[in-house]
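So this block is my_file.cif, mmCIF, C-alpha atoms:
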data_target
loop_
_atom_site.label_atom_id
_atom_site.label_comp_id
_atom_site.auth_asym_id
_atom_site.auth_seq_id
_atom_site.Cartn_x
_atom_site.Cartn_y
_atom_site.Cartn_z
CA MET A 1 0.00 0.00 0.00
CA ALA A 2 2.95 2.26 -0.56
CA ARG A 3 2.29 5.32 -2.62
CA PRO A 4 4.60 7.58 -4.61
CA TYR A 5 6.43 10.39 -2.84
CA ILE A 6 4.36 13.56 -2.97
CA PRO A 7 6.60 16.61 -3.47
CA SER A 8 6.34 19.07 -0.57
CA LEU A 9 5.27 21.88 -2.90
CA ASP A 10 2.21 19.81 -3.83
CA LEU A 11 1.28 19.48 -0.16
CA ILE A 12 0.90 23.25 0.31
CA ASP A 13 -2.49 23.41 -1.34
CA PRO A 14 -4.20 20.58 0.60
CA ALA A 15 -2.54 21.77 3.82
CA SER A 16 -3.87 25.30 3.30
CA LYS A 17 -7.35 23.77 2.95
CA GLY A 18 -6.91 22.15 6.33
CA GLU A 19 -6.38 18.56 5.15
CA THR A 20 -4.85 16.91 8.18
CA TRP A 21 -2.72 14.31 6.37
CA ALA A 22 -1.02 17.01 4.29
CA ILE A 23 -0.39 19.30 7.29
CA ALA A 24 1.02 16.37 9.24
CA ARG A 25 3.26 15.20 6.40
CA LEU A 26 4.74 18.68 5.89
CA ILE A 27 5.45 18.85 9.62
CA SER A 28 7.23 15.48 9.53
CA ARG A 29 9.45 16.59 6.69
CA ALA A 30 10.27 19.89 8.42
CA GLU A 31 11.06 17.96 11.59
CA ALA A 32 13.31 15.53 9.76
CA GLY A 33 15.06 18.45 8.07
CA VAL A 34 14.47 17.06 4.57
CA PRO A 35 16.17 19.60 2.25
CA GLU A 36 13.35 19.15 -0.25
CA VAL A 37 10.81 20.74 2.12
CA ARG A 38 12.68 24.06 2.41
CA GLU A 39 11.34 25.54 -0.79
CA ALA A 40 7.82 24.76 0.41
CA ILE A 41 8.50 26.33 3.82
CA GLY A 42 9.83 29.37 1.99
CA GLN A 43 6.61 29.71 0.00
CA ILE A 44 4.49 29.10 3.08
CA TYR A 45 6.42 31.73 5.05
CA LYS A 46 5.37 34.45 2.61
CA ARG A 47 1.72 33.56 3.02
CA VAL A 48 1.47 33.42 6.82
CA GLY A 49 1.93 35.55 9.93
CA ARG A 50 -1.69 35.73 10.95
CA ALA A 51 -1.76 33.27 13.86
CA HIS A 52 -1.11 34.19 17.48
CA VAL A 53 1.75 32.06 18.80
CA VAL A 54 1.62 31.40 22.54
CA GLY A 55 4.57 29.74 24.24
CA ILE A 56 3.93 27.87 27.48
CA THR A 57 6.85 26.90 29.63
CA GLY A 58 7.60 25.87 33.19
CA VAL A 59 9.41 23.30 35.28
CA PRO A 60 8.56 19.58 34.90
CA GLY A 61 5.39 18.71 36.77
CA SER A 62 4.18 22.30 36.98
CA GLY A 63 0.95 21.26 35.27
CA LYS A 64 1.57 22.61 31.77
CA SER A 65 -0.14 19.86 29.77
CA THR A 66 -3.20 19.69 31.99
CA MET A 67 -3.45 23.46 31.89
CA VAL A 68 -3.13 23.51 28.11
CA ASN A 69 -5.98 21.04 27.94
CA ARG A 70 -8.27 23.43 29.87
CA LEU A 71 -6.98 26.45 27.99
CA VAL A 72 -7.67 24.91 24.59
CA ARG A 73 -11.23 24.03 25.68
CA ARG A 74 -11.77 27.67 26.63
CA LEU A 75 -10.40 28.94 23.30
CA LEU A 76 -12.61 26.50 21.39
CA ASP A 77 -15.64 28.01 23.13
CA ASP A 78 -14.81 31.25 21.30
CA GLY A 79 -14.99 29.38 17.99
CA LEU A 80 -11.24 29.54 17.44
CA ARG A 81 -9.15 26.89 15.69
CA VAL A 82 -6.34 25.82 17.97
CA ALA A 83 -3.14 23.87 17.34
CA VAL A 84 -0.88 22.52 20.05
CA VAL A 85 2.77 21.64 19.56
CA ALA A 86 3.78 19.59 22.59
CA ILE A 87 7.52 19.11 23.01
CA ASP A 88 9.04 16.29 25.06
CA PRO A 89 12.69 15.41 25.58
CA SER A 90 14.71 13.06 23.39
CA SER A 91 16.95 10.59 25.13
CA PRO A 92 20.51 11.90 25.13
CA TYR A 93 21.70 8.31 24.71
CA SER A 94 19.52 6.64 22.11
CA GLY A 95 17.99 9.73 20.49
CA GLY A 96 14.57 8.15 20.98
CA SER A 97 11.69 9.58 22.97
CA ILE A 98 8.39 8.83 24.59
CA LEU A 99 5.92 11.57 23.76
CA GLY A 100 3.27 11.52 26.43
CA ASP A 101 1.73 15.01 26.55
CA ARG A 102 -1.08 13.82 24.31
CA ILE A 103 -2.45 11.62 27.06
CA ARG A 104 -3.37 14.66 29.14
CA MET A 105 -5.14 16.19 26.18
CA SER A 106 -6.98 13.08 25.05
CA ASP A 107 -10.45 14.54 25.42
CA LEU A 108 -9.55 17.20 22.81
CA VAL A 109 -8.49 14.80 20.09
CA MET A 110 -11.85 14.40 18.42
CA HIS A 111 -12.68 18.09 18.27
CA PRO A 112 -12.65 19.19 14.60
CA ASN A 113 -10.97 22.54 15.39
CA VAL A 114 -8.02 21.03 17.24
CA PHE A 115 -4.70 19.72 15.96
CA ILE A 116 -2.17 18.26 18.38
CA ARG A 117 1.35 17.36 17.39
CA SER A 118 4.04 15.89 19.63
CA MET A 119 7.68 16.71 18.93
CA ALA A 120 10.91 15.52 20.46
CA THR A 121 13.74 17.95 21.21
CA ARG A 122 16.21 15.86 19.18
CA GLY A 123 19.22 17.30 20.88
CA ALA A 124 18.06 20.92 20.84
CA VAL A 125 18.61 22.84 24.04
CA GLY A 126 16.42 25.65 25.25
CA GLY A 127 13.24 23.65 25.70
CA MET A 128 12.27 23.65 22.04
CA ALA A 129 12.76 21.44 19.01
CA HIS A 130 14.81 22.75 16.06
CA ALA A 131 11.90 22.61 13.66
CA ALA A 132 9.27 24.14 15.96
CA LEU A 133 9.24 27.43 14.06
CA ASP A 134 8.72 25.73 10.70
CA VAL A 135 5.88 23.80 12.27
CA VAL A 136 4.29 27.05 13.45
CA ASP A 137 4.25 28.37 9.88
CA ILE A 138 2.69 25.18 8.54
CA LEU A 139 -0.05 25.35 11.19
CA ASP A 140 -0.59 29.04 10.44
CA LEU A 141 -1.03 28.14 6.75
CA ALA A 142 -3.59 25.54 7.76
CA GLY A 143 -5.70 28.28 9.32
CA PHE A 144 -5.16 27.82 13.04
CA ASP A 145 -5.88 31.03 14.98
CA LYS A 146 -3.94 30.15 18.10
CA ILE A 147 -0.81 28.03 18.05
CA ILE A 148 0.29 26.89 21.46
CA ILE A 149 3.85 25.66 21.88
CA GLU A 150 4.27 23.70 25.08
CA THR A 151 7.97 23.34 25.86
CA VAL A 152 9.59 20.45 27.62
CA GLY A 153 9.69 20.82 31.35
CA VAL A 154 12.53 23.30 31.70
CA GLY A 155 15.06 24.24 34.33
CA GLN A 156 15.97 27.79 35.08
CA ASP A 157 17.43 29.18 31.90
CA GLU A 158 15.82 27.56 28.88
CA VAL A 159 14.43 30.78 27.55
CA GLU A 160 14.35 30.25 23.77
CA ILE A 161 10.57 30.00 23.77
CA ALA A 162 10.36 33.74 24.43
CA LYS A 163 12.21 34.42 21.19
CA ALA A 164 9.84 32.25 19.21
CA SER A 165 6.41 33.18 20.52
CA HIS A 166 4.32 36.34 20.53
CA THR A 167 3.13 35.76 24.06
CA THR A 168 5.09 33.73 26.60
CA VAL A 169 3.37 32.16 29.57
CA VAL A 170 5.53 30.88 32.42
CA VAL A 171 3.78 28.36 34.64
CA SER A 172 4.85 28.10 38.27
CA ALA A 173 3.44 25.56 40.67
CA PRO A 174 3.01 26.02 44.41
CA GLY A 175 5.53 24.47 46.73
CA LEU A 176 8.56 24.46 44.46
CA GLY A 177 10.56 27.37 45.77
CA ASP A 178 10.74 30.44 47.93
CA GLU A 179 11.11 34.13 47.21
CA ILE A 180 14.81 33.66 46.44
CA GLN A 181 13.90 31.40 43.53
CA ALA A 182 11.63 34.17 42.32
CA ILE A 183 14.35 36.83 42.11
CA LYS A 184 16.88 34.70 40.26
CA ALA A 185 17.55 35.55 36.63
CA GLY A 186 16.29 33.29 33.91
CA ILE A 187 13.00 31.74 33.10
CA LEU A 188 10.81 33.93 35.31
CA GLU A 189 12.11 37.00 33.51
CA ILE A 190 10.77 35.97 30.12
CA ALA A 191 7.10 35.80 31.09
CA ASP A 192 4.59 38.07 29.41
CA ILE A 193 2.05 36.34 31.59
CA HIS A 194 2.70 34.46 34.83
CA VAL A 195 0.45 31.57 35.68
CA VAL A 196 0.44 29.91 39.07
CA SER A 197 -1.13 26.51 38.50
CA LYS A 198 -2.79 24.19 41.00
CA CYS A 199 -4.44 27.10 42.84
CA ASP A 200 -6.79 24.62 44.45
CA ARG A 201 -3.85 23.96 46.77
CA SER A 202 -3.62 25.91 49.98
CA ASP A 203 -0.01 27.03 49.49
CA ALA A 204 -0.75 28.65 46.12
CA ASN A 205 -1.23 32.10 47.64
CA ARG A 206 2.35 32.10 48.80
CA THR A 207 3.59 31.47 45.24
CA LEU A 208 1.28 34.15 43.82
CA THR A 209 2.64 36.62 46.36
CA ASP A 210 6.28 35.71 45.68
CA ILE A 211 5.89 36.33 41.96
CA LYS A 212 3.98 39.58 42.46
CA MET A 213 6.73 40.77 44.82
CA MET A 214 9.35 39.83 42.27
CA LEU A 215 7.61 41.92 39.62
CA ARG A 216 7.22 44.81 42.03
CA ASP A 217 10.96 44.67 42.62
CA GLY A 218 11.43 45.15 38.92
CA VAL A 219 12.51 41.68 37.84
CA GLY A 220 11.11 40.55 34.51
CA GLY A 221 8.62 41.88 32.01
CA ALA A 222 11.26 43.47 29.82
CA LEU A 223 10.42 41.76 26.55
CA THR A 224 7.35 43.76 25.62
CA ARG A 225 7.83 47.39 26.44
CA GLY A 226 5.00 49.11 28.23
CA TRP A 227 3.54 45.83 29.39
CA ALA A 228 3.26 44.80 33.02
CA PRO A 229 3.03 41.00 33.19
CA PRO A 230 -0.11 39.91 35.03
CA VAL A 231 0.03 37.08 37.57
CA ILE A 232 -2.90 34.72 37.13
CA GLY A 233 -3.85 31.83 39.36
CA THR A 234 -5.42 28.84 37.63
CA SER A 235 -6.80 25.54 38.77
CA SER A 236 -7.10 22.85 36.12
CA LEU A 237 -8.91 20.72 38.68
CA ASP A 238 -11.67 23.29 39.26
CA ASN A 239 -11.40 24.87 35.78
CA GLU A 240 -10.73 28.32 37.24
CA GLY A 241 -8.69 31.27 36.05
CA PHE A 242 -8.93 30.55 32.31
CA GLU A 243 -11.30 33.44 31.56
CA GLU A 244 -8.70 35.79 32.97
CA LEU A 245 -5.88 34.06 31.11
CA VAL A 246 -7.60 34.30 27.74
CA ALA A 247 -8.38 37.98 28.41
CA ALA A 248 -4.69 38.56 29.17
CA PHE A 249 -3.77 36.95 25.82
CA GLU A 250 -5.90 39.45 23.97
CA GLN A 251 -4.54 42.41 25.93
CA HIS A 252 -1.00 41.31 25.25
CA LEU A 253 -1.70 40.73 21.58
CA ALA A 254 -3.12 44.26 21.31
CA LYS A 255 0.06 45.59 22.88
CA LEU A 256 2.15 43.56 20.47
CA ASP A 257 0.46 45.09 17.48
CA GLY A 258 1.06 48.57 18.82
CA ALA A 259 4.30 50.43 18.14
CA PRO A 260 6.55 48.75 20.73
CA GLY A 261 5.25 45.34 19.67
CA ILE A 262 6.75 45.62 16.22
CA GLU A 263 10.17 45.18 17.78
CA ARG A 264 9.08 41.88 19.25
CA ARG A 265 7.97 40.63 15.86
CA GLU A 266 11.32 41.65 14.41
CA GLN A 267 13.13 39.86 17.22
CA ILE A 268 11.21 36.71 16.40
CA SER A 269 12.25 36.98 12.75
CA ILE A 270 15.89 37.50 13.67
CA PHE A 271 15.74 34.44 15.90
CA ARG A 272 14.12 32.52 13.08
CA LEU A 273 16.86 33.51 10.65
CA ARG A 274 19.56 32.59 13.13
CA LYS A 275 17.95 29.17 13.65
CA ALA A 276 17.73 28.56 9.92
CA ALA A 277 21.40 29.47 9.44
CA GLU A 278 22.37 27.22 12.35
CA ALA A 279 20.39 24.35 10.87
CA LEU A 280 22.19 24.65 7.54
CA MET A 281 25.61 24.87 9.16
CA LEU A 282 24.96 22.00 11.55
CA GLU A 283 23.77 19.85 8.69
CA LYS A 284 27.01 20.49 6.84
CA LEU A 285 29.01 19.85 9.99
CA ARG A 286 27.26 16.55 10.53
CA THR A 287 27.34 15.28 6.99
CA GLU A 288 30.68 16.55 5.77
CA SER A 289 32.96 16.50 8.77
CA ASP A 290 34.86 13.63 10.14
CA PHE A 291 34.44 14.09 13.86
CA GLU A 292 35.58 10.57 14.56
CA THR A 293 38.89 10.92 12.74
CA TYR A 294 39.61 14.26 14.37
CA GLY A 295 38.31 12.94 17.68
CA GLN A 296 40.80 10.07 17.64
CA ARG A 297 43.64 12.49 16.96
CA VAL A 298 42.45 14.74 19.78
CA ALA A 299 42.24 11.73 22.09
CA ALA A 300 45.80 10.75 21.18
CA ARG A 301 46.84 14.36 21.87
CA GLN A 302 48.26 14.68 18.38
CA THR A 303 46.17 17.78 18.05
CA ASP A 304 44.08 19.93 20.37
CA PRO A 305 40.32 20.50 20.30
CA TYR A 306 40.54 24.07 19.02
CA SER A 307 42.86 23.27 16.13
CA ALA A 308 40.74 20.30 15.13
CA ALA A 309 37.52 22.35 15.35
CA SER A 310 39.14 25.08 13.32
CA ALA A 311 40.08 22.57 10.63
CA ILE A 312 36.53 21.23 10.53
CA VAL A 313 34.99 24.68 10.27
CA LYS A 314 37.49 25.74 7.59
CA HIS A 315 36.60 22.65 5.60
CA PHE A 316 32.94 23.49 5.34
CA SER A 317 33.23 27.24 5.01
CA THR A 318 35.40 26.98 1.89
CA GLU A 319 33.13 24.38 0.38
CA THR A 320 30.27 26.72 -0.52
CA MET B 321 18.78 14.65 7.76
CA SER B 322 17.14 12.53 10.36
CA THR B 323 15.20 9.47 9.38
CA GLN B 324 13.94 8.82 12.86
CA ILE B 325 11.04 6.38 12.96
CA ARG B 326 7.82 7.64 14.56
CA VAL B 327 5.48 5.14 16.18
CA LEU B 328 2.07 5.53 17.83
CA LEU B 329 1.38 2.80 20.36
CA ALA B 330 -2.31 2.54 21.11
CA LYS B 331 -4.57 0.69 23.49
CA VAL B 332 -8.11 0.36 22.23
CA GLY B 333 -11.30 -0.39 24.08
CA LEU B 334 -11.90 -1.96 27.45
CA ASP B 335 -8.42 -3.32 27.97
CA GLY B 336 -6.64 -2.12 31.06
CA HIS B 337 -3.41 -4.06 30.67
CA ASP B 338 -0.65 -1.74 29.61
CA ARG B 339 2.48 -3.19 31.18
CA GLY B 340 3.37 -4.85 27.87
CA VAL B 341 2.82 -1.81 25.70
CA LYS B 342 4.88 0.33 28.06
CA VAL B 343 7.76 -2.13 27.86
CA VAL B 344 7.52 -1.99 24.07
CA ALA B 345 7.46 1.83 24.22
CA ARG B 346 10.70 1.89 26.19
CA THR B 347 12.28 -0.71 23.95
CA LEU B 348 11.54 1.39 20.88
CA ARG B 349 12.69 4.58 22.58
CA ASP B 350 15.98 2.92 23.45
CA ALA B 351 16.27 1.90 19.79
CA GLY B 352 16.13 5.60 18.89
CA MET B 353 12.51 5.88 17.79
CA ASP B 354 10.01 8.62 18.70
CA VAL B 355 7.14 6.89 20.45
CA VAL B 356 3.76 8.49 21.05
CA TYR B 357 1.68 6.59 23.58
CA SER B 358 -2.09 6.98 23.42
CA GLY B 359 -2.99 5.98 26.96
CA LEU B 360 -5.68 3.46 27.81
CA HIS B 361 -9.29 3.04 26.63
CA ARG B 362 -9.13 4.83 23.30
CA THR B 363 -11.64 4.41 20.48
CA PRO B 364 -10.50 3.49 16.95
CA GLU B 365 -11.53 7.01 15.87
CA GLU B 366 -9.31 8.63 18.51
CA VAL B 367 -6.39 6.39 17.66
CA VAL B 368 -6.56 7.03 13.92
CA THR B 369 -7.03 10.78 14.39
CA ALA B 370 -3.95 10.87 16.62
CA ALA B 371 -1.96 8.73 14.18
CA VAL B 372 -2.84 11.04 11.29
CA GLN B 373 -1.98 14.23 13.19
CA GLU B 374 1.25 12.72 14.44
CA ASP B 375 1.97 11.33 10.94
CA VAL B 376 3.55 8.22 12.39
CA ASP B 377 5.32 5.66 10.25
CA ILE B 378 3.82 2.85 12.27
CA LEU B 379 0.52 2.53 14.09
CA GLY B 380 0.94 -0.21 16.68
CA VAL B 381 -2.24 -1.45 18.33
CA SER B 382 -1.92 -3.56 21.45
CA LEU B 383 -4.87 -5.78 22.29
CA LEU B 384 -5.28 -8.31 25.05
CA SER B 385 -9.06 -8.29 25.13
CA GLY B 386 -9.92 -10.40 22.08
CA VAL B 387 -11.66 -7.68 20.05
CA GLN B 388 -9.11 -7.60 17.21
CA MET B 389 -11.58 -8.72 14.54
CA THR B 390 -13.84 -5.78 15.37
CA VAL B 391 -11.18 -3.15 15.90
CA PHE B 392 -8.88 -3.62 12.91
CA PRO B 393 -11.53 -3.41 10.15
CA LYS B 394 -12.62 -0.11 11.72
CA ILE B 395 -9.07 1.16 11.84
CA PHE B 396 -8.46 0.39 8.16
CA ALA B 397 -11.73 2.03 7.14
CA LEU B 398 -10.78 5.16 9.10
CA LEU B 399 -7.27 5.25 7.63
CA ARG B 400 -8.77 5.20 4.13
CA GLN B 401 -11.19 7.94 5.13
CA HIS B 402 -8.27 10.08 6.33
CA LYS B 403 -6.32 9.39 3.10
CA VAL B 404 -3.43 7.68 4.87
CA GLU B 405 -3.61 4.21 3.37
CA ASP B 406 0.18 4.15 3.40
CA MET B 407 0.42 3.98 7.18
CA ILE B 408 1.93 0.72 8.42
CA VAL B 409 -0.34 -1.05 10.91
CA VAL B 410 1.11 -3.56 13.35
CA ALA B 411 -0.83 -5.62 15.89
CA GLY B 412 0.51 -6.76 19.21
CA GLY B 413 -0.74 -8.76 22.16
CA VAL B 414 -2.50 -12.05 22.62
CA MET B 415 -4.65 -13.43 19.80
CA PRO B 416 -5.49 -16.81 18.25
CA ASP B 417 -3.52 -18.08 15.24
CA GLU B 418 -6.52 -18.07 12.91
CA ASP B 419 -7.08 -14.39 13.66
CA VAL B 420 -3.45 -13.64 12.86
CA GLU B 421 -3.89 -14.90 9.31
CA GLU B 422 -7.14 -13.04 8.86
CA LEU B 423 -5.57 -9.82 10.16
CA LYS B 424 -2.72 -10.11 7.69
CA ARG B 425 -5.19 -10.56 4.85
CA MET B 426 -6.89 -7.42 6.08
CA GLY B 427 -3.66 -5.43 5.74
CA VAL B 428 -1.99 -5.70 9.14
CA ALA B 429 1.70 -5.70 8.25
CA GLU B 430 2.84 -7.80 11.17
CA VAL B 431 1.34 -9.44 14.24
CA LEU B 432 3.71 -9.56 17.20
CA LEU B 433 2.38 -11.94 19.82
CA GLN B 434 3.37 -12.49 23.43
CA ASP B 435 6.92 -13.73 23.97
CA THR B 436 8.25 -11.78 20.98
CA PRO B 437 11.84 -10.80 21.86
CA PRO B 438 12.35 -7.01 22.05
CA GLN B 439 15.15 -7.09 19.49
CA TYR B 440 12.83 -8.83 17.03
CA ILE B 441 10.23 -6.04 17.45
CA ILE B 442 12.86 -3.40 16.70
CA GLU B 443 14.14 -5.25 13.64
CA THR B 444 10.65 -5.91 12.31
CA LEU B 445 9.54 -2.29 12.57
CA THR B 446 12.80 -0.98 11.11
CA ALA B 447 12.51 -3.37 8.15
CA LEU B 448 8.87 -2.41 7.51
CA VAL B 449 9.74 1.29 7.35
CA ALA B 450 12.78 0.63 5.15
CA ALA B 451 10.65 -1.43 2.75
CA ARG B 452 8.09 1.36 2.48
CA GLY B 453 10.74 3.89 1.46
CA PRO B 454 10.74 7.66 1.97
CA ARG B 455 7.44 9.48 2.13
#
Using structure tokens, write down the structure from this file.
Amino acid sequence: MARPYIPSLDLIDPASKGETWAIARLISRAEAGVPEVREAIGQIYKRVGRAHVVGITGVPGSGKSTMVNRLVRRLLDDGLRVAVVAIDPSSPYSGGSILGDRIRMSDLVMHPNVFIRSMATRGAVGGMAHAALDVVDILDLAGFDKIIIETVGVGQDEVEIAKASHTTVVVSAPGLGDEIQAIKAGILEIADIHVVSKCDRSDANRTLTDIKMMLRDGVGGALTRGWAPPVIGTSSLDNEGFEELVAAFEQHLAKLDGAPGIERREQISIFRLRKAAEALMLEKLRTESDFETYGQRVAARQTDPYSAASAIVKHFSTET
Amino acid sequence: MSTQIRVLLAKVGLDGHDRGVKVVARTLRDAGMDVVYSGLHRTPEEVVTAAVQEDVDILGVSLLSGVQMTVFPKIFALLRQHKVEDMIVVAGGVMPDEDVEELKRMGVAEVLLQDTPPQYIIETLTALVAARGPR
């Protein structure tokens, strides 16, 4: 039951009409980094830019997936089409992964206005997968109004999501840290919106207060000028706080489209360009360089890491 | 360019036994595959919708409840409806020999019964994807 390879350019039309198989196939090719898909991504890029991209990040176990499930339900009530890109870690040893975020969103699967895609980080650091931005464009082409990127559970400084999304939500859960955690640099600084999840728990007020104090002390909120990040308590258990969260999305989006917001959109494009250039260089590094040969010479101390790296880089920069 | 194999492992219907499928999930992960796990008690519609959105190379359905002859015809009908006839479908679990032959006639690429060694599962799936070619 094999069928002939469908060129990526021929998938653009069915994908733009919302045909799931075509959207999904384009995403797979972007994820695999098939060179053939790049021309299609290029054409798609010129047609899109309409969707609102929301990044959701937070430490492992902070309740991101369960919260996304509630959030998507709320957005669907407004008649919106919603896509979720759920990122889970790849094994650093085998390169494989178990993608389990879908399980927490299983009651959304059959809704006609929802598309959920799981991605593995495949060695990318920063909480995102390399191809996540290509995937966003494909989903935008397919007519999704809101595209939610849920990062892997992150530590304290995986902040790439803020460079890739229009609105960044940082989810904190009660009981994970004190006010010193809240004034550290890193992930808490990138939030356009703070969410404290699991507010059905009695210690949630403490976390809400810590984050509000942090903001009062002037930490964070620098990414969108003229915007004071709100702190919103949600409970996925009791389905509370999502009205407020969706309202905050719209307020932030309005800010983004105002004069200071333009900068943010430019920043996203610069990040995008940098990622694309990195992808091309890494591909060349991987396919055309002999790390093993150089590695053996480095191990034998016949050469040093910098000289070997310099030889590898010289090799591929003269090639083009 | 990465040619990483994507697999959806699914449990369908009133079958609460997922120790086996979780072991398979880990085995495939350790072989370098991306494995999406559906969770328990899914309907054929949910499983196929997820498989199409995830664009997996292989849809693996684990059944220990004896409903294979009801579930697989539904799955193939849904795959046709979603225009993904090229998806490789593999069955796993406990089922009688006569059903295995019938399932293969239906289009199930491989039936991996209990006691299948993990390495054999990896090799079988890898060979199926290689035989299909790029897509």
Original post:
Neighbours of range 381-398 of chain B within 6 Å (all atoms listed in the file; same-chain residues fewer than 3 positions away dropped), as a list in words?
Top reply: Leu329, Ala330, Lys331, Asp335, Pro364, Gln401, Ala411, Gly412, Gly413 and Val414 of chain B
Let's have the selection written as a PDB file, keeping the file's coordinate frame, with C-alpha atoms.
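File written: out-v1.pdb
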ATOM      1  CA  LEU B 329       1.380   2.800  20.360  1.00  0.00           C
ATOM      2  CA  ALA B 330      -2.310   2.540  21.110  1.00  0.00           C
ATOM      3  CA  LYS B 331      -4.570   0.690  23.490  1.00  0.00           C
ATOM      4  CA  ASP B 335      -8.420  -3.320  27.970  1.00  0.00           C
ATOM      5  CA  PRO B 364     -10.500   3.490  16.950  1.00  0.00           C
ATOM      6  CA  GLN B 401     -11.190   7.940   5.130  1.00  0.00           C
ATOM      7  CA  ALA B 411      -0.830  -5.620  15.890  1.00  0.00           C
ATOM      8  CA  GLY B 412       0.510  -6.760  19.210  1.00  0.00           C
ATOM      9  CA  GLY B 413      -0.740  -8.760  22.160  1.00  0.00           C
ATOM     10  CA  VAL B 414      -2.500 -12.050  22.620  1.00  0.00           C
TER      11      VAL B 414
END
Original post:
For the atom pair CA of Ala86 in chain A and CA of Ser118 in chain A, what is the interatomic distance in Å to one decimal place?
Top reply: 4.7 Å
Contacts of chain A with chain B up to 6 Å, shortest pair per row, all atoms listed in the file, as JSON lines:
{"residue": "A:Met1", "atom": "CA", "partner": "B:Asp406", "partner_atom": "CA", "distance": 5.4}
{"residue": "A:Ala2", "atom": "CA", "partner": "B:Asp406", "partner_atom": "CA", "distance": 5.2}
{"residue": "A:Tyr5", "atom": "CA", "partner": "B:Arg455", "partner_atom": "CA", "distance": 5.2}
{"residue": "A:Trp21", "atom": "CA", "partner": "B:Val372", "partner_atom": "CA", "distance": 5.9}
{"residue": "A:Ala24", "atom": "CA", "partner": "B:Gln373", "partner_atom": "CA", "distance": 5.4}
{"residue": "A:Ala32", "atom": "CA", "partner": "B:Ser322", "partner_atom": "CA", "distance": 4.9}
{"residue": "A:Gly33", "atom": "CA", "partner": "B:Met321", "partner_atom": "CA", "distance": 5.3}
{"residue": "A:Val34", "atom": "CA", "partner": "B:Met321", "partner_atom": "CA", "distance": 5.9}
{"residue": "A:Ser94", "atom": "CA", "partner": "B:Gly352", "partner_atom": "CA", "distance": 4.8}
{"residue": "A:Gly95", "atom": "CA", "partner": "B:Gly352", "partner_atom": "CA", "distance": 4.8}
{"residue": "A:Gly96", "atom": "CA", "partner": "B:Gly352", "partner_atom": "CA", "distance": 3.6}
{"residue": "A:Ser97", "atom": "CA", "partner": "B:Asp354", "partner_atom": "CA", "distance": 4.7}
{"residue": "A:Ile98", "atom": "CA", "partner": "B:Val355", "partner_atom": "CA", "distance": 4.7}
{"residue": "A:Leu99", "atom": "CA", "partner": "B:Val356", "partner_atom": "CA", "distance": 4.6}
{"residue": "A:Gly100", "atom": "CA", "partner": "B:Tyr357", "partner_atom": "CA", "distance": 5.9}
{"residue": "A:Ile103", "atom": "CA", "partner": "B:Gly359", "partner_atom": "CA", "distance": 5.7}
{"residue": "A:Arg117", "atom": "CA", "partner": "B:Glu374", "partner_atom": "CA", "distance": 5.5}
May I have the centre and edge lengths, in Å to one decimal, of an axis-aligned box around the listed atoms of range 347-366 of chain B with 8 Å added to every side, as JSON?
{"center_x": 2.3, "center_y": 4.0, "center_z": 21.8, "size_x": 43.9, "size_y": 25.3, "size_z": 27.9}
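For the atom pair formed by CA of Val246 in chain A and CA of Met105 in chain A, the distance is 18.3 Å, given to one decimal.
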**OP:** Kindly extract all protein, DNA and RNA residues lying within 6 Å of the coordinates (3.8, 40.3, 20.7) given in the file, considering only C-alpha atoms, and supply them as a PyMOL selection string.
**Re:** chain A and resi 166-167+253+256+261+264
**OP:** Would you translate the PyMOL selection byres ((chain B and resi 444) around 12) into the concrete set of residues it matches in this file, as a list in words?
**Re:** Leu348, Ile378, Ile408, Val410, Ala429, Glu430, Val431, Leu432, Thr436, Pro437, Pro438, Gln439, Tyr440, Ile441, Ile442, Glu443, Leu445, Thr446, Ala447, Leu448, Val449, Ala450 and Ala451 of chain B
Subject >> Output check: residues returned by the PyMOL selection byres ((chain A and resi 164) around 12), as number ranges by chain >> reply: A: 52-56, 126-137, 147-151, 159-163, 165-168, 190, 264-275
Original post:
For Ser28 in chain A, which residue among B:Gly340, B:Leu433, B:Gly333, B:Asp377 is the nearest when counting all atoms listed in the file?
Top reply: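 Nearest candidate to Ser28 in chain A out of B:Gly340, B:Leu433, B:Gly333, B:Asp377: B:Asp377.
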**OP:** Taking the file above as input, evaluate the PyMOL selection byres ((chain A and resi 47) around 12) and report the hits as an NGL selection string.
**Re:** :A and (12-13 or 16 or 40-46 or 48-51 or 137-143)
**OP:** Kindly give the distance, in Å, that separates CA of Arg104 in chain A and CA of Leu245 in chain A, rounded to a single decimal.
**Re:**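 According to the coordinates, CA of Arg104 in chain A and CA of Leu245 in chain A are separated by 19.7 Å.
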Original post:
Using all atoms listed in the file, which residue out of B:Leu334, B:Val341, B:Leu379, B:Leu399 lies closest to Gln434 in chain B?
Top reply: B:Val341
Subject >> From A:Asp88, A:Asp200, A:Glu31, A:Glu39, residue lying nearest Leu11 in chain A [only C-alpha atoms] >> reply: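 Smallest separation from Leu11 in chain A among the options: A:Glu39.
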Subject >> Distance query Leu176 in chain A at most 12 Å, all atoms listed in the file, self and fewer than 6 positions along chain excluded, as a list in words >> reply: Gly58, Val59, Pro60, Gly61, Ser62, Ala182, Val196, Ser197, Lys198, Asp203, Ala204, Arg206, Thr207 and Asp210 of chain A
